[in-house]
Each structure stands twice: as C-alpha cells, then as structure tokens.
file my_file_39.pdb (PDB, C-alpha atoms)
ATOM      1  CA  MET N   1     -21.002  63.334 -33.903
ATOM      2  CA  ASN N   2     -20.630  61.886 -37.450
ATOM      3  CA  LYS N   3     -17.926  59.368 -38.357
ATOM      4  CA  GLY N   4     -15.670  62.002 -39.893
ATOM      5  CA  MET N   5     -15.747  64.183 -36.808
ATOM      6  CA  LEU N   6     -15.185  61.141 -34.574
ATOM      7  CA  ALA N   7     -12.151  60.098 -36.627
ATOM      8  CA  LEU N   8     -10.754  63.639 -36.407
ATOM      9  CA  ALA N   9     -11.256  63.686 -32.635
ATOM     10  CA  LEU N  10      -9.526  60.336 -32.227
ATOM     11  CA  GLY N  11      -6.699  61.495 -34.430
ATOM     12  CA  CYS N  12      -6.066  64.329 -31.958
ATOM     13  CA  VAL N  13      -5.752  61.822 -29.168
ATOM     14  CA  LEU N  14      -4.118  58.842 -30.852
ATOM     15  CA  GLY N  15      -1.103  58.721 -33.087
ATOM     16  CA  PRO N  16      -0.785  56.527 -36.197
ATOM     17  CA  ALA N  17       0.176  53.464 -34.118
ATOM     18  CA  GLY N  18      -2.778  53.869 -31.781
ATOM     19  CA  ILE N  19      -0.529  55.305 -29.071
ATOM     20  CA  PRO N  20      -1.707  58.462 -27.283
ATOM     21  CA  VAL N  21       0.033  61.497 -28.716
ATOM     22  CA  ALA N  22       1.001  62.588 -25.190
ATOM     23  CA  ALA N  23       2.845  59.286 -24.758
ATOM     24  CA  GLN N  24       4.550  59.570 -28.160
ATOM     25  CA  ASP N  25       5.829  63.047 -27.302
ATOM     26  CA  TYR N  26       6.771  62.162 -23.722
ATOM     27  CA  PRO N  27       8.685  63.714 -22.138
ATOM     28  CA  ALA N  28       8.285  67.232 -23.471
ATOM     29  CA  LYS N  29       9.290  68.983 -20.235
ATOM     30  CA  SER N  30      11.141  68.391 -16.984
ATOM     31  CA  ILE N  31      10.259  65.470 -14.710
ATOM     32  CA  ARG N  32       9.852  65.752 -10.946
ATOM     33  CA  VAL N  33      11.202  62.829  -8.896
ATOM     34  CA  ILE N  34       9.731  62.887  -5.393
ATOM     35  CA  VAL N  35      11.905  61.509  -2.591
ATOM     36  CA  ALA N  36       9.869  61.136   0.595
ATOM     37  CA  PHE N  37      12.864  61.661   2.886
ATOM     38  CA  THR N  38      15.513  64.270   3.685
ATOM     39  CA  PRO N  39      18.545  64.895   1.434
ATOM     40  CA  GLY N  40      21.577  62.707   2.089
ATOM     41  CA  GLY N  41      19.810  59.470   2.961
ATOM     42  CA  THR N  42      19.689  56.287   0.932
ATOM     43  CA  SER N  43      16.397  57.081  -0.823
ATOM     44  CA  ASP N  44      17.787  60.487  -1.785
ATOM     45  CA  ILE N  45      20.926  58.923  -3.284
ATOM     46  CA  VAL N  46      18.841  56.478  -5.331
ATOM     47  CA  GLY N  47      16.520  59.298  -6.391
ATOM     48  CA  ARG N  48      19.392  61.414  -7.665
ATOM     49  CA  LEU N  49      20.804  58.486  -9.638
ATOM     50  CA  VAL N  50      17.381  57.920 -11.206
ATOM     51  CA  ALA N  51      17.029  61.628 -12.027
ATOM     52  CA  LEU N  52      20.482  61.676 -13.637
ATOM     53  CA  LYS N  53      19.723  58.665 -15.824
ATOM     54  CA  LEU N  54      16.317  60.001 -16.889
ATOM     55  CA  THR N  55      17.940  63.301 -17.852
ATOM     56  CA  GLU N  56      20.515  61.443 -19.941
ATOM     57  CA  ALA N  57      17.913  59.178 -21.552
ATOM     58  CA  PHE N  58      15.315  61.793 -22.487
ATOM     59  CA  GLY N  59      17.230  65.050 -22.814
ATOM     60  CA  GLN N  60      14.792  66.663 -20.399
ATOM     61  CA  GLN N  61      15.914  67.572 -16.905
ATOM     62  CA  ALA N  62      14.702  65.363 -14.060
ATOM     63  CA  ILE N  63      14.705  67.162 -10.717
ATOM     64  CA  VAL N  64      14.638  65.592  -7.232
ATOM     65  CA  ASP N  65      12.012  67.037  -4.895
ATOM     66  CA  ASN N  66      12.561  66.034  -1.232
ATOM     67  CA  ARG N  67       9.273  65.851   0.693
ATOM     68  CA  PRO N  68      10.034  64.262   4.087
ATOM     69  CA  GLY N  69       7.683  63.608   6.978
ATOM     70  CA  ALA N  70       5.570  60.942   8.674
ATOM     71  CA  GLY N  71       7.882  58.068   7.757
ATOM     72  CA  GLY N  72       7.693  58.882   4.061
ATOM     73  CA  THR N  73       3.898  59.069   4.028
ATOM     74  CA  ILE N  74       3.705  62.756   3.060
ATOM     75  CA  GLY N  75       5.870  62.421  -0.047
ATOM     76  CA  SER N  76       4.302  59.097  -1.030
ATOM     77  CA  GLU N  77       0.802  60.576  -0.876
ATOM     78  CA  MET N  78       1.980  63.428  -3.099
ATOM     79  CA  GLY N  79       3.305  60.897  -5.591
ATOM     80  CA  ALA N  80       0.074  58.902  -5.578
ATOM     81  CA  LYS N  81      -2.149  61.957  -6.046
ATOM     82  CA  ALA N  82      -0.043  63.785  -8.625
ATOM     83  CA  ALA N  83      -1.295  64.311 -12.168
ATOM     84  CA  PRO N  84      -0.973  60.947 -13.990
ATOM     85  CA  ASP N  85       0.970  62.386 -16.915
ATOM     86  CA  GLY N  86       4.412  60.886 -16.283
ATOM     87  CA  TYR N  87       5.906  64.172 -15.093
ATOM     88  CA  THR N  88       5.786  63.283 -11.402
ATOM     89  CA  LEU N  89       7.469  60.084 -10.243
ATOM     90  CA  LEU N  90       8.072  58.697  -6.773
ATOM     91  CA  ILE N  91      11.017  56.851  -5.275
ATOM     92  CA  GLY N  92       9.461  54.187  -3.063
ATOM     93  CA  HIS N  93      11.173  51.731  -0.753
ATOM     94  CA  VAL N  94      10.481  48.998   1.770
ATOM     95  CA  GLY N  95       9.364  51.494   4.406
ATOM     96  CA  THR N  96       6.895  53.495   2.344
ATOM     97  CA  LEU N  97       5.531  50.572   0.315
ATOM     98  CA  ALA N  98       5.746  47.491   2.565
ATOM     99  CA  VAL N  99       5.889  48.793   6.151
ATOM    100  CA  ASN N 100       3.588  51.818   6.167
ATOM    101  CA  PRO N 101       0.490  49.913   4.937
ATOM    102  CA  THR N 102       0.482  48.002   8.244
ATOM    103  CA  LEU N 103       2.060  50.645  10.461
ATOM    104  CA  TYR N 104      -0.393  53.457   9.730
ATOM    105  CA  PRO N 105      -4.056  52.722  10.575
ATOM    106  CA  ALA N 106      -5.339  55.273   8.049
ATOM    107  CA  ILE N 107      -2.582  55.552   5.443
ATOM    108  CA  PRO N 108      -3.554  58.091   2.741
ATOM    109  CA  TYR N 109      -2.426  55.918  -0.185
ATOM    110  CA  ASP N 110      -2.639  52.291  -1.253
ATOM    111  CA  ALA N 111       0.824  50.925  -2.084
ATOM    112  CA  VAL N 112      -0.659  48.522  -4.632
ATOM    113  CA  LYS N 113      -3.738  50.197  -6.103
ATOM    114  CA  ASP N 114      -2.664  53.853  -6.210
ATOM    115  CA  PHE N 115       0.466  53.414  -8.336
ATOM    116  CA  GLN N 116       1.887  52.183 -11.588
ATOM    117  CA  HIS N 117       4.922  50.214 -10.371
ATOM    118  CA  VAL N 118       7.406  51.265 -13.046
ATOM    119  CA  THR N 119      10.424  49.197 -11.974
ATOM    120  CA  MET N 120      12.519  48.140  -9.049
ATOM    121  CA  ILE N 121      15.814  50.026  -9.062
ATOM    122  CA  SER N 122      18.097  48.432  -6.499
ATOM    123  CA  LYS N 123      18.438  46.164  -3.514
ATOM    124  CA  ALA N 124      20.908  46.578  -0.709
ATOM    125  CA  PRO N 125      21.709  44.819   2.507
ATOM    126  CA  SER N 126      21.508  46.829   5.683
ATOM    127  CA  ILE N 127      24.476  47.176   7.971
ATOM    128  CA  MET N 128      24.646  47.769  11.689
ATOM    129  CA  VAL N 129      27.105  50.555  12.449
ATOM    130  CA  VAL N 130      28.323  51.890  15.778
ATOM    131  CA  HIS N 131      30.303  54.855  16.999
ATOM    132  CA  PRO N 132      33.972  53.771  17.158
ATOM    133  CA  SER N 133      34.123  54.565  20.876
ATOM    134  CA  LEU N 134      31.785  51.642  21.573
ATOM    135  CA  PRO N 135      33.921  48.629  22.640
ATOM    136  CA  VAL N 136      32.367  46.133  20.208
ATOM    137  CA  ARG N 137      33.392  44.799  16.812
ATOM    138  CA  THR N 138      30.592  42.310  16.093
ATOM    139  CA  ALA N 139      26.860  42.132  16.634
ATOM    140  CA  ARG N 140      27.470  39.288  19.075
ATOM    141  CA  GLU N 141      29.632  41.594  21.217
ATOM    142  CA  PHE N 142      27.011  44.346  20.931
ATOM    143  CA  ILE N 143      24.310  41.973  22.187
ATOM    144  CA  ALA N 144      26.480  41.036  25.171
ATOM    145  CA  LEU N 145      27.083  44.709  25.978
ATOM    146  CA  ALA N 146      23.379  45.542  25.663
ATOM    147  CA  ARG N 147      22.472  42.717  28.032
ATOM    148  CA  ALA N 148      24.973  44.080  30.543
ATOM    149  CA  LYS N 149      23.511  47.597  30.179
ATOM    150  CA  PRO N 150      19.767  47.166  29.609
ATOM    151  CA  GLY N 151      18.116  50.319  28.334
ATOM    152  CA  GLN N 152      21.366  52.308  28.364
ATOM    153  CA  LEU N 153      22.437  52.013  24.722
ATOM    154  CA  ALA N 154      20.601  54.277  22.278
ATOM    155  CA  TYR N 155      20.015  53.701  18.594
ATOM    156  CA  GLY N 156      18.886  56.196  16.000
ATOM    157  CA  SER N 157      16.468  55.635  13.132
ATOM    158  CA  PRO N 158      14.956  57.737  10.321
ATOM    159  CA  GLY N 159      11.733  57.850  12.362
ATOM    160  CA  SER N 160       9.350  55.740  14.394
ATOM    161  CA  GLY N 161       8.108  52.889  12.241
ATOM    162  CA  SER N 162      10.730  53.485   9.535
ATOM    163  CA  ALA N 163      12.665  50.624   7.974
ATOM    164  CA  GLY N 164      15.672  51.492  10.137
ATOM    165  CA  HIS N 165      13.504  51.347  13.251
ATOM    166  CA  LEU N 166      11.928  48.016  12.359
ATOM    167  CA  LEU N 167      15.223  46.419  11.361
ATOM    168  CA  MET N 168      16.531  47.220  14.824
ATOM    169  CA  ALA N 169      13.249  46.292  16.500
ATOM    170  CA  TYR N 170      13.443  42.914  14.758
ATOM    171  CA  PHE N 171      17.072  42.601  15.929
ATOM    172  CA  THR N 172      16.277  43.489  19.554
ATOM    173  CA  MET N 173      13.267  41.168  19.558
ATOM    174  CA  MET N 174      15.344  38.213  18.355
ATOM    175  CA  ALA N 175      18.288  39.073  20.641
ATOM    176  CA  LYS N 176      16.026  39.740  23.652
ATOM    177  CA  ILE N 177      17.760  43.014  24.512
ATOM    178  CA  ASP N 178      16.478  46.438  25.565
ATOM    179  CA  LEU N 179      17.719  49.501  23.624
ATOM    180  CA  LEU N 180      16.610  53.125  23.739
ATOM    181  CA  HIS N 181      15.085  54.251  20.432
ATOM    182  CA  VAL N 182      15.829  57.815  19.256
ATOM    183  CA  PRO N 183      13.771  58.669  16.148
ATOM    184  CA  TYR N 184      14.929  61.359  13.691
ATOM    185  CA  ARG N 185      13.438  62.925  10.585
ATOM    186  CA  GLY N 186      15.494  60.972   8.082
ATOM    187  CA  THR N 187      18.681  58.922   7.853
ATOM    188  CA  ALA N 188      21.053  61.868   7.483
ATOM    189  CA  PRO N 189      20.322  63.505  10.873
ATOM    190  CA  ALA N 190      20.458  60.089  12.564
ATOM    191  CA  LEU N 191      23.938  59.542  11.123
ATOM    192  CA  ILE N 192      25.073  63.029  12.136
ATOM    193  CA  ASP N 193      24.269  62.325  15.772
ATOM    194  CA  LEU N 194      25.820  58.857  15.609
ATOM    195  CA  ILE N 195      29.060  60.277  14.201
ATOM    196  CA  ALA N 196      28.977  62.871  16.979
ATOM    197  CA  GLY N 197      28.625  60.112  19.581
ATOM    198  CA  GLN N 198      25.143  61.138  20.694
ATOM    199  CA  THR N 199      23.831  57.620  19.996
ATOM    200  CA  SER N 200      25.489  54.201  19.932
ATOM    201  CA  THR N 201      24.253  52.552  16.743
ATOM    202  CA  VAL N 202      22.142  52.789  13.597
ATOM    203  CA  PHE N 203      20.800  50.082  11.285
ATOM    204  CA  THR N 204      20.684  51.411   7.735
ATOM    205  CA  GLY N 205      21.202  50.645   4.067
ATOM    206  CA  THR N 206      24.724  50.683   2.717
ATOM    207  CA  PRO N 207      24.353  53.505   0.140
ATOM    208  CA  GLY N 208      25.756  56.715   1.558
ATOM    209  CA  ILE N 209      27.252  55.252   4.720
ATOM    210  CA  LEU N 210      30.352  53.383   3.522
ATOM    211  CA  PRO N 211      32.423  56.589   3.158
ATOM    212  CA  HIS N 212      31.932  57.197   6.891
ATOM    213  CA  VAL N 213      33.116  53.651   7.575
ATOM    214  CA  GLN N 214      36.142  54.021   5.337
ATOM    215  CA  SER N 215      37.089  57.284   7.064
ATOM    216  CA  GLY N 216      36.901  55.651  10.500
ATOM    217  CA  LYS N 217      33.997  57.774  11.711
ATOM    218  CA  LEU N 218      31.810  54.679  12.038
ATOM    219  CA  ARG N 219      32.408  50.944  12.480
ATOM    220  CA  VAL N 220      30.373  48.173  10.824
ATOM    221  CA  ILE N 221      29.577  45.286  13.172
ATOM    222  CA  GLY N 222      26.956  43.278  11.297
ATOM    223  CA  VAL N 223      25.288  42.616   7.930
ATOM    224  CA  SER N 224      21.541  41.981   7.579
ATOM    225  CA  THR N 225      21.645  39.432   4.764
ATOM    226  CA  ALA N 226      22.392  35.717   4.984
ATOM    227  CA  ALA N 227      25.705  36.138   3.149
ATOM    228  CA  ARG N 228      28.614  38.447   3.919
ATOM    229  CA  LEU N 229      29.228  41.418   1.665
ATOM    230  CA  PRO N 230      32.013  41.204  -0.942
ATOM    231  CA  ASN N 231      33.212  44.706  -0.035
ATOM    232  CA  LEU N 232      33.094  43.937   3.725
ATOM    233  CA  PRO N 233      34.258  40.305   3.835
ATOM    234  CA  ALA N 234      35.534  40.487   7.420
ATOM    235  CA  VAL N 235      32.195  41.651   8.843
ATOM    236  CA  PRO N 236      30.004  38.742  10.021
ATOM    237  CA  THR N 237      26.308  38.596   9.310
ATOM    238  CA  ILE N 238      23.737  39.078  12.062
ATOM    239  CA  ALA N 239      22.762  35.439  11.542
ATOM    240  CA  GLU N 240      26.366  34.396  12.229
ATOM    241  CA  SER N 241      26.352  36.490  15.396
ATOM    242  CA  GLY N 242      23.873  34.369  17.283
ATOM    243  CA  LEU N 243      20.606  35.238  15.513
ATOM    244  CA  PRO N 244      20.103  32.509  12.869
ATOM    245  CA  GLY N 245      17.355  33.342  10.398
ATOM    246  CA  TYR N 246      17.933  37.103  10.419
ATOM    247  CA  ASP N 247      17.932  37.941   6.697
ATOM    248  CA  VAL N 248      16.651  41.339   5.563
ATOM    249  CA  THR N 249      17.206  43.376   2.392
ATOM    250  CA  GLN N 250      16.225  46.975   1.711
ATOM    251  CA  TRP N 251      15.009  47.927  -1.755
ATOM    252  CA  TRP N 252      13.984  50.938  -3.847
ATOM    253  CA  GLY N 253      11.884  51.469  -6.930
ATOM    254  CA  VAL N 254      10.183  54.013  -9.178
ATOM    255  CA  LEU N 255       6.433  54.542  -9.214
ATOM    256  CA  ALA N 256       3.945  56.749 -11.042
ATOM    257  CA  PRO N 257       0.304  57.614 -10.267
ATOM    258  CA  ALA N 258      -2.112  54.755 -11.031
ATOM    259  CA  ALA N 259      -3.803  56.364 -14.028
ATOM    260  CA  THR N 260      -0.538  57.035 -15.880
ATOM    261  CA  ALA N 261      -0.804  55.765 -19.461
ATOM    262  CA  ARG N 262       0.754  52.363 -20.026
ATOM    263  CA  PRO N 263       2.933  53.556 -22.966
ATOM    264  CA  ILE N 264       4.500  56.198 -20.689
ATOM    265  CA  VAL N 265       5.093  53.617 -17.957
ATOM    266  CA  MET N 266       6.797  51.277 -20.409
ATOM    267  CA  LYS N 267       8.875  54.122 -21.862
ATOM    268  CA  LEU N 268      10.145  54.841 -18.349
ATOM    269  CA  ASN N 269      10.655  51.148 -17.651
ATOM    270  CA  GLU N 270      12.718  50.731 -20.822
ATOM    271  CA  ALA N 271      14.871  53.796 -20.130
ATOM    272  CA  LEU N 272      15.559  52.797 -16.529
ATOM    273  CA  GLY N 273      16.153  49.171 -17.478
ATOM    274  CA  LYS N 274      18.793  50.283 -19.955
ATOM    275  CA  ALA N 275      20.349  52.531 -17.296
ATOM    276  CA  LEU N 276      20.491  49.646 -14.811
ATOM    277  CA  ARG N 277      22.470  47.608 -17.338
ATOM    278  CA  SER N 278      25.035  50.369 -17.830
ATOM    279  CA  ASP N 279      28.486  49.890 -16.364
ATOM    280  CA  ASP N 280      28.646  53.321 -14.746
ATOM    281  CA  LEU N 281      25.400  52.911 -12.793
ATOM    282  CA  ARG N 282      26.264  49.367 -11.737
ATOM    283  CA  LYS N 283      29.647  50.583 -10.487
ATOM    284  CA  ARG N 284      28.033  53.519  -8.685
ATOM    285  CA  LEU N 285      25.578  51.236  -6.900
ATOM    286  CA  ALA N 286      28.279  48.679  -6.116
ATOM    287  CA  ALA N 287      30.413  51.397  -4.542
ATOM    288  CA  ASP N 288      27.629  51.859  -2.012
ATOM    289  CA  GLY N 289      27.060  48.127  -1.543
ATOM    290  CA  ALA N 290      23.863  47.999  -3.608
ATOM    291  CA  ASP N 291      22.905  45.881  -6.605
ATOM    292  CA  PRO N 292      20.782  46.894  -9.633
ATOM    293  CA  ALA N 293      17.410  45.162  -9.635
ATOM    294  CA  GLY N 294      15.358  45.928 -12.712
ATOM    295  CA  SER N 295      11.904  44.402 -13.149
ATOM    296  CA  THR N 296       8.696  44.583 -15.118
ATOM    297  CA  PRO N 297       5.882  46.646 -13.589
ATOM    298  CA  GLU N 298       4.008  43.427 -12.838
ATOM    299  CA  GLU N 299       6.994  41.834 -11.114
ATOM    300  CA  PHE N 300       7.534  44.919  -8.969
ATOM    301  CA  GLN N 301       3.872  45.018  -7.945
ATOM    302  CA  ALA N 302       3.870  41.318  -6.994
ATOM    303  CA  PHE N 303       7.056  41.823  -4.967
ATOM    304  CA  ILE N 304       5.493  44.698  -3.027
ATOM    305  CA  LYS N 305       2.472  42.551  -2.183
ATOM    306  CA  SER N 306       4.766  39.808  -0.834
ATOM    307  CA  GLU N 307       6.765  42.305   1.241
ATOM    308  CA  ILE N 308       3.604  43.764   2.817
ATOM    309  CA  ALA N 309       2.641  40.258   3.888
ATOM    310  CA  ARG N 310       6.146  39.590   5.223
ATOM    311  CA  TRP N 311       6.474  42.710   7.372
ATOM    312  CA  ALA N 312       2.944  42.819   8.806
ATOM    313  CA  PRO N 313       3.556  40.267  11.595
ATOM    314  CA  VAL N 314       6.918  41.843  12.486
ATOM    315  CA  ILE N 315       5.341  45.281  12.852
ATOM    316  CA  LYS N 316       2.515  43.975  15.006
ATOM    317  CA  ALA N 317       4.874  41.975  17.228
ATOM    318  CA  SER N 318       7.253  44.922  17.679
ATOM    319  CA  GLY N 319       4.516  47.272  18.810
ATOM    320  CA  ALA N 320       5.917  49.987  16.535
ATOM    321  CA  LYS N 321       3.706  53.050  16.284
ATOM    322  CA  PRO N 322       3.919  56.029  13.910
ATOM    323  CA  GLU N 323       4.781  59.381  15.415
TER
END

call {"tool": "encode", "arguments": {"input": "my_file_39.pdb", "output": "structure tokens"}}
result
Amino acid sequence: MNKGMLALALGCVLGPAGIPVAAQDYPAKSIRVIVAFTPGGTSDIVGRLVALKLTEAFGQQAIVDNRPGAGGTIGSEMGAKAAPDGYTLLIGHVGTLAVNPTLYPAIPYDAVKDFQHVTMISKAPSIMVVHPSLPVRTAREFIALARAKPGQLAYGSPGSGSAGHLLMAYFTMMAKIDLLHVPYRGTAPALIDLIAGQTSTVFTGTPGILPHVQSGKLRVIGVSTAARLPNLPAVPTIAESGLPGYDVTQWWGVLAPAATARPIVMKLNEALGKALRSDDLRKRLAADGADPAGSTPEEFQAFIKSEIARWAPVIKASGAKPE
C-alpha cells in the first residue's frame, strides 16, 4: 500500500483530531445497560437512573436489560463478552465485582482484566430490616432473640453468595448466632417474602427499601456503616449494637467490555460524572439513602482490586458456596 492509500485508509478510521470516527460519532444508536439481577432490586434502580441520565446526555435511548442468575454471574459475563463498541454497558456492584471472584471457583469473567471501569456511580450503607411482627427494635435485641432460638429465625438474601448473604454471614459470624438462610433469585422476591412474614429479616442496600419502612411494612433495626444515617438518626449501627468493627458499604458502578475505545470510555465517564453532580440525581439517590460516588476509570479499577482483597477472607471463613 502506497503512502496515499495508507493516508486514505487512516482517514476512514481516524478523525482530524486523531480520534476514531466511531468514538466521535458515539452514540449513534440506543445503548443497552445490563443489570445482572431481577427488576426492583437495588442494582436495577441504579441501572435505571444511569439509563435515564445517558438518554438525557446523548439524545439516544438507553435501555435496561435485566439478566439475572448465578449471583449476577450470567449478566456480568454477558457484559464482559459484549461487542466493545460502547453500546453495551454493565451495572456492576460489590457482589459481582468483589465477591464473585473468590466465591466462584471458575468464574467466567475477570472483574479487573475483562472490563473498562467507566466510573463508580454510588455508595450506600446496608440496613438490617425485619418483619414488624418480630419483637425486636435493634440488632442487639435481634442477636439476643436469635441466641434464644438457635436456627429458628430465617433470613432472605438475593442468592447464595450474594452481597446480602455475605453481609448477614459476616453478622452471624461476629455475633456467634445461628440463622436459617433462605436464598432467592434477587432482592425483590426476598423482600416480598419478608413483607409477607415468610422470613424474619433481610440485610440489603437502602435504595428501594425505605418506602417499605416508611409505610410500616418493614422495620429497620441496624445500619452497616460506622456512622448512623442522617435519614434514620434513631437507628443504631451494628457496631453500636455489640459488634464493634462491623463497617460495610455497598457500591455500584458502570463498566464496558475491556477492548472498548478509550475515547468512548471517557465520553461516558464525562457524561455520568456530570449527571452525578446534578441536583436531581443527588436528591434521587439521597431519597434512597445512597450517595453519588463518581471516579476516574483508574480509581474505580483500583477500588475493585482492594474490595476483592477485603472480601476474600470473609467469604472463605463463612463457607459460602454458590448455588
């Protein structure tokens, strides 16, 4: 190929600023946002907020695609192996990115190597909620009741090895109590059975659950973080309830397949960063007890690495196994 033909070929690929034309034109069609869990759960709520803000930012519709199963592994694998063109994104969280790498012996994706880590979206404390018929108002009282009825109180989780499971496993391990674990396929069905009184408690993120608390269908008895929540000031932390050192935060972020062009990743990062600074999104997250948590791709990747290292010993000590 002579120099003129080479220049013409490059001109078809690169724009005048040396940026791939595909990146300059991005997005030219709708964007799929994969949520690896059922509709109605915390990841789904975050995913729909992300889709809304991408639609507003780019003028192209972003559509949530729920792909639940295997503790989020099925949807996460789809996100990792999608075409790296920026038109398929994944909502990842502590379970799929920090827990599953240790929990699953042959996980079909690498949480660090198989993704471009676009940005962290939000962080939220987890809260321990019970059915209002349970005669407890604090985690301390729950621990006392569980010790009086070993193996008789049941708790639901989004699935074996999920973040909700491990949060409670960590709690029971520190409290030295025996609870019956009832795994579900997602947060929403676990909450449905809790509201119906089929189980006693659930440990989950605050997005999506506070309306049930405000309506009296559920009661909050503990907060996972070291500090109390501003919107639940009367609820003591787990650490205050006899388990000093219990301090856990759930988090969510946006990822793209590893080979996605850097200009597209940064275009997404900029759009979502701007959205996270907007008053309406901050108020929407705050209403569910979550905080915006933007980051650079590099910061998000480093955070995920640190969380994998943090959760590995907890998972091994708990004996948690995937279904």

call {"tool": "resolve_selection", "arguments": {"input": "my_file_39.pdb", "expression": "the PyMOL selection byres ((chain N and resi 122) around 6)", "output": "list in words"}}
result
Ile121, Lys123, Trp251, Trp252, Asp291, Pro292 and Ala293 of chain N

call {"tool": "resolve_selection", "arguments": {"input": "my_file_39.pdb", "expression": "the PyMOL selection byres ((chain N and resi 73-79) around 9)", "output": "PyMOL selection string"}}
result
chain N and resi 33-37+66-72+80-83+88-92+96-97+100+107-111+115+255-257

call {"tool": "resolve_selection", "arguments": {"input": "my_file_39.pdb", "expression": "the PyMOL selection byres ((chain N and resi 131) around 10)", "output": "list in words"}}
result
Val129, Val130, Pro132, Ser133, Leu134, Pro135, Val136, Leu191, Asp193, Leu194, Ile195, Ala196, Gly197, Gln198, Thr199, Ser200, Thr201, Val202, Val213, Gly216, Lys217, Leu218, Arg219 and Val220 of chain N

call {"tool": "write_last_selection", "arguments": {"input": "my_file_39.pdb", "atoms": "C-alpha atoms", "output": "short mmCIF file (atom, residue, chain, number, x, y, z; two decimals), keeping the file's coordinate frame"}}
result
data_model
loop_
_atom_site.label_atom_id
_atom_site.label_comp_id
_atom_site.auth_asym_id
_atom_site.auth_seq_id
_atom_site.Cartn_x
_atom_site.Cartn_y
_atom_site.Cartn_z
CA VAL N 129 27.10 50.56 12.45
CA VAL N 130 28.32 51.89 15.78
CA PRO N 132 33.97 53.77 17.16
CA SER N 133 34.12 54.56 20.88
CA LEU N 134 31.78 51.64 21.57
CA PRO N 135 33.92 48.63 22.64
CA VAL N 136 32.37 46.13 20.21
CA LEU N 191 23.94 59.54 11.12
CA ASP N 193 24.27 62.32 15.77
CA LEU N 194 25.82 58.86 15.61
CA ILE N 195 29.06 60.28 14.20
CA ALA N 196 28.98 62.87 16.98
CA GLY N 197 28.62 60.11 19.58
CA GLN N 198 25.14 61.14 20.69
CA THR N 199 23.83 57.62 20.00
CA SER N 200 25.49 54.20 19.93
CA THR N 201 24.25 52.55 16.74
CA VAL N 202 22.14 52.79 13.60
CA VAL N 213 33.12 53.65 7.58
CA GLY N 216 36.90 55.65 10.50
CA LYS N 217 34.00 57.77 11.71
CA LEU N 218 31.81 54.68 12.04
CA ARG N 219 32.41 50.94 12.48
CA VAL N 220 30.37 48.17 10.82
#

call {"tool": "atom_distance", "arguments": {"input": "my_file_39.pdb", "atom1": "atom CA of N:Gly159", "atom2": "atom CA of N:Pro183"}}
result
4.4 Å

call {"tool": "residues_near_point", "arguments": {"input": "my_file_39.pdb", "point": "(24.6, 49.5, -4.5)", "cutoff": "12 Å", "atoms": "only C-alpha atoms", "output": "short mmCIF file (atom, residue, chain, number, x, y, z; two decimals) with C-alpha atoms, keeping the file's coordinate frame"}}
result
data_model
loop_
_atom_site.label_atom_id
_atom_site.label_comp_id
_atom_site.auth_asym_id
_atom_site.auth_seq_id
_atom_site.Cartn_x
_atom_site.Cartn_y
_atom_site.Cartn_z
CA THR N 42 19.69 56.29 0.93
CA SER N 43 16.40 57.08 -0.82
CA ILE N 45 20.93 58.92 -3.28
CA VAL N 46 18.84 56.48 -5.33
CA LEU N 49 20.80 58.49 -9.64
CA ILE N 121 15.81 50.03 -9.06
CA SER N 122 18.10 48.43 -6.50
CA LYS N 123 18.44 46.16 -3.51
CA ALA N 124 20.91 46.58 -0.71
CA PRO N 125 21.71 44.82 2.51
CA SER N 126 21.51 46.83 5.68
CA GLY N 205 21.20 50.64 4.07
CA THR N 206 24.72 50.68 2.72
CA PRO N 207 24.35 53.50 0.14
CA GLY N 208 25.76 56.72 1.56
CA ILE N 209 27.25 55.25 4.72
CA LEU N 210 30.35 53.38 3.52
CA LEU N 229 29.23 41.42 1.66
CA PRO N 230 32.01 41.20 -0.94
CA ASN N 231 33.21 44.71 -0.04
CA THR N 249 17.21 43.38 2.39
CA GLN N 250 16.23 46.98 1.71
CA TRP N 251 15.01 47.93 -1.76
CA TRP N 252 13.98 50.94 -3.85
CA LEU N 276 20.49 49.65 -14.81
CA ASP N 280 28.65 53.32 -14.75
CA LEU N 281 25.40 52.91 -12.79
CA ARG N 282 26.26 49.37 -11.74
CA LYS N 283 29.65 50.58 -10.49
CA ARG N 284 28.03 53.52 -8.68
CA LEU N 285 25.58 51.24 -6.90
CA ALA N 286 28.28 48.68 -6.12
CA ALA N 287 30.41 51.40 -4.54
CA ASP N 288 27.63 51.86 -2.01
CA GLY N 289 27.06 48.13 -1.54
CA ALA N 290 23.86 48.00 -3.61
CA ASP N 291 22.90 45.88 -6.60
CA PRO N 292 20.78 46.89 -9.63
CA ALA N 293 17.41 45.16 -9.64
#

call {"tool": "residues_around", "arguments": {"input": "my_file_39.pdb", "residues": "N:Gln61", "least_positions_apart": "6", "cutoff": "9 Å", "atoms": "only C-alpha atoms", "output": "list in words"}}
result
Lys29, Ser30, Ile31, Arg32, Ala51, Leu52, Leu54 and Thr55 of chain N

call {"tool": "closest_residue", "arguments": {"input": "my_file_39.pdb", "among": "N:Glu240, N:Val265, N:Ala23, N:Phe300", "to": "N:Ala227", "atoms": "all atoms listed in the file"}}
result
N:Glu240

call {"tool": "residues_around", "arguments": {"input": "my_file_39.pdb", "residues": "N:Ser224", "least_positions_apart": "2", "cutoff": "8 Å", "atoms": "only C-alpha atoms", "output": "PyMOL selection string"}}
result
chain N and resi 125-128+222+226+237-239+246-249

call {"tool": "closest_residue", "arguments": {"input": "my_file_39.pdb", "among": "N:Pro211, N:Asp114, N:Ala163, N:Gly156", "to": "N:Tyr184", "atoms": "all atoms listed in the file"}}
result
N:Gly156

call {"tool": "residues_around", "arguments": {"input": "my_file_39.pdb", "residues": "N:Met168", "least_positions_apart": "2", "cutoff": "9 Å", "atoms": "all atoms listed in the file", "output": "PyMOL selection string"}}
result
chain N and resi 128+155+157+163-166+170-173+202-203

call {"tool": "closest_residue", "arguments": {"input": "my_file_39.pdb", "among": "N:Ser318, N:Phe58, N:Ala258, N:Ile63", "to": "N:Ala169", "atoms": "all atoms listed in the file"}}
result
N:Ser318

call {"tool": "atom_distance", "arguments": {"input": "my_file_39.pdb", "atom1": "atom CA of N:Arg48", "atom2": "atom CA of N:Val64"}}
result
6.3 Å

call {"tool": "axis_aligned_box", "arguments": {"input": "my_file_39.pdb", "around": "stretch 71-79 of chain N", "padding_each_side": "8 Å", "output": "JSON"}}
result
{"center_x": 4.3, "center_y": 60.7, "center_z": 1.1, "size_x": 23.1, "size_y": 21.4, "size_z": 29.3}

call {"tool": "decode", "arguments": {"input": "my_file_39.pdb", "residues": "stretch 247-258 of chain N", "atoms": "C-alpha atoms", "output": "compact mmCIF listing (two decimals), in the first residue's frame"}}
result
# COMPACT_ATOMS: atom_id res chain seq x y z
CA ASP N 247 -18.49 -1.43 58.87
CA VAL N 248 -19.67 -2.37 55.38
CA THR N 249 -20.78 -0.30 52.38
CA GLN N 250 -22.40 -1.49 49.17
CA TRP N 251 -21.47 0.19 45.90
CA TRP N 252 -22.37 0.25 42.20
CA GLY N 253 -20.61 1.29 39.03
CA VAL N 254 -20.68 1.25 35.24
CA LEU N 255 -18.41 -0.96 33.16
CA ALA N 256 -17.79 -1.65 29.48
CA PRO N 257 -16.00 -4.54 27.73
CA ALA N 258 -12.20 -4.35 28.03
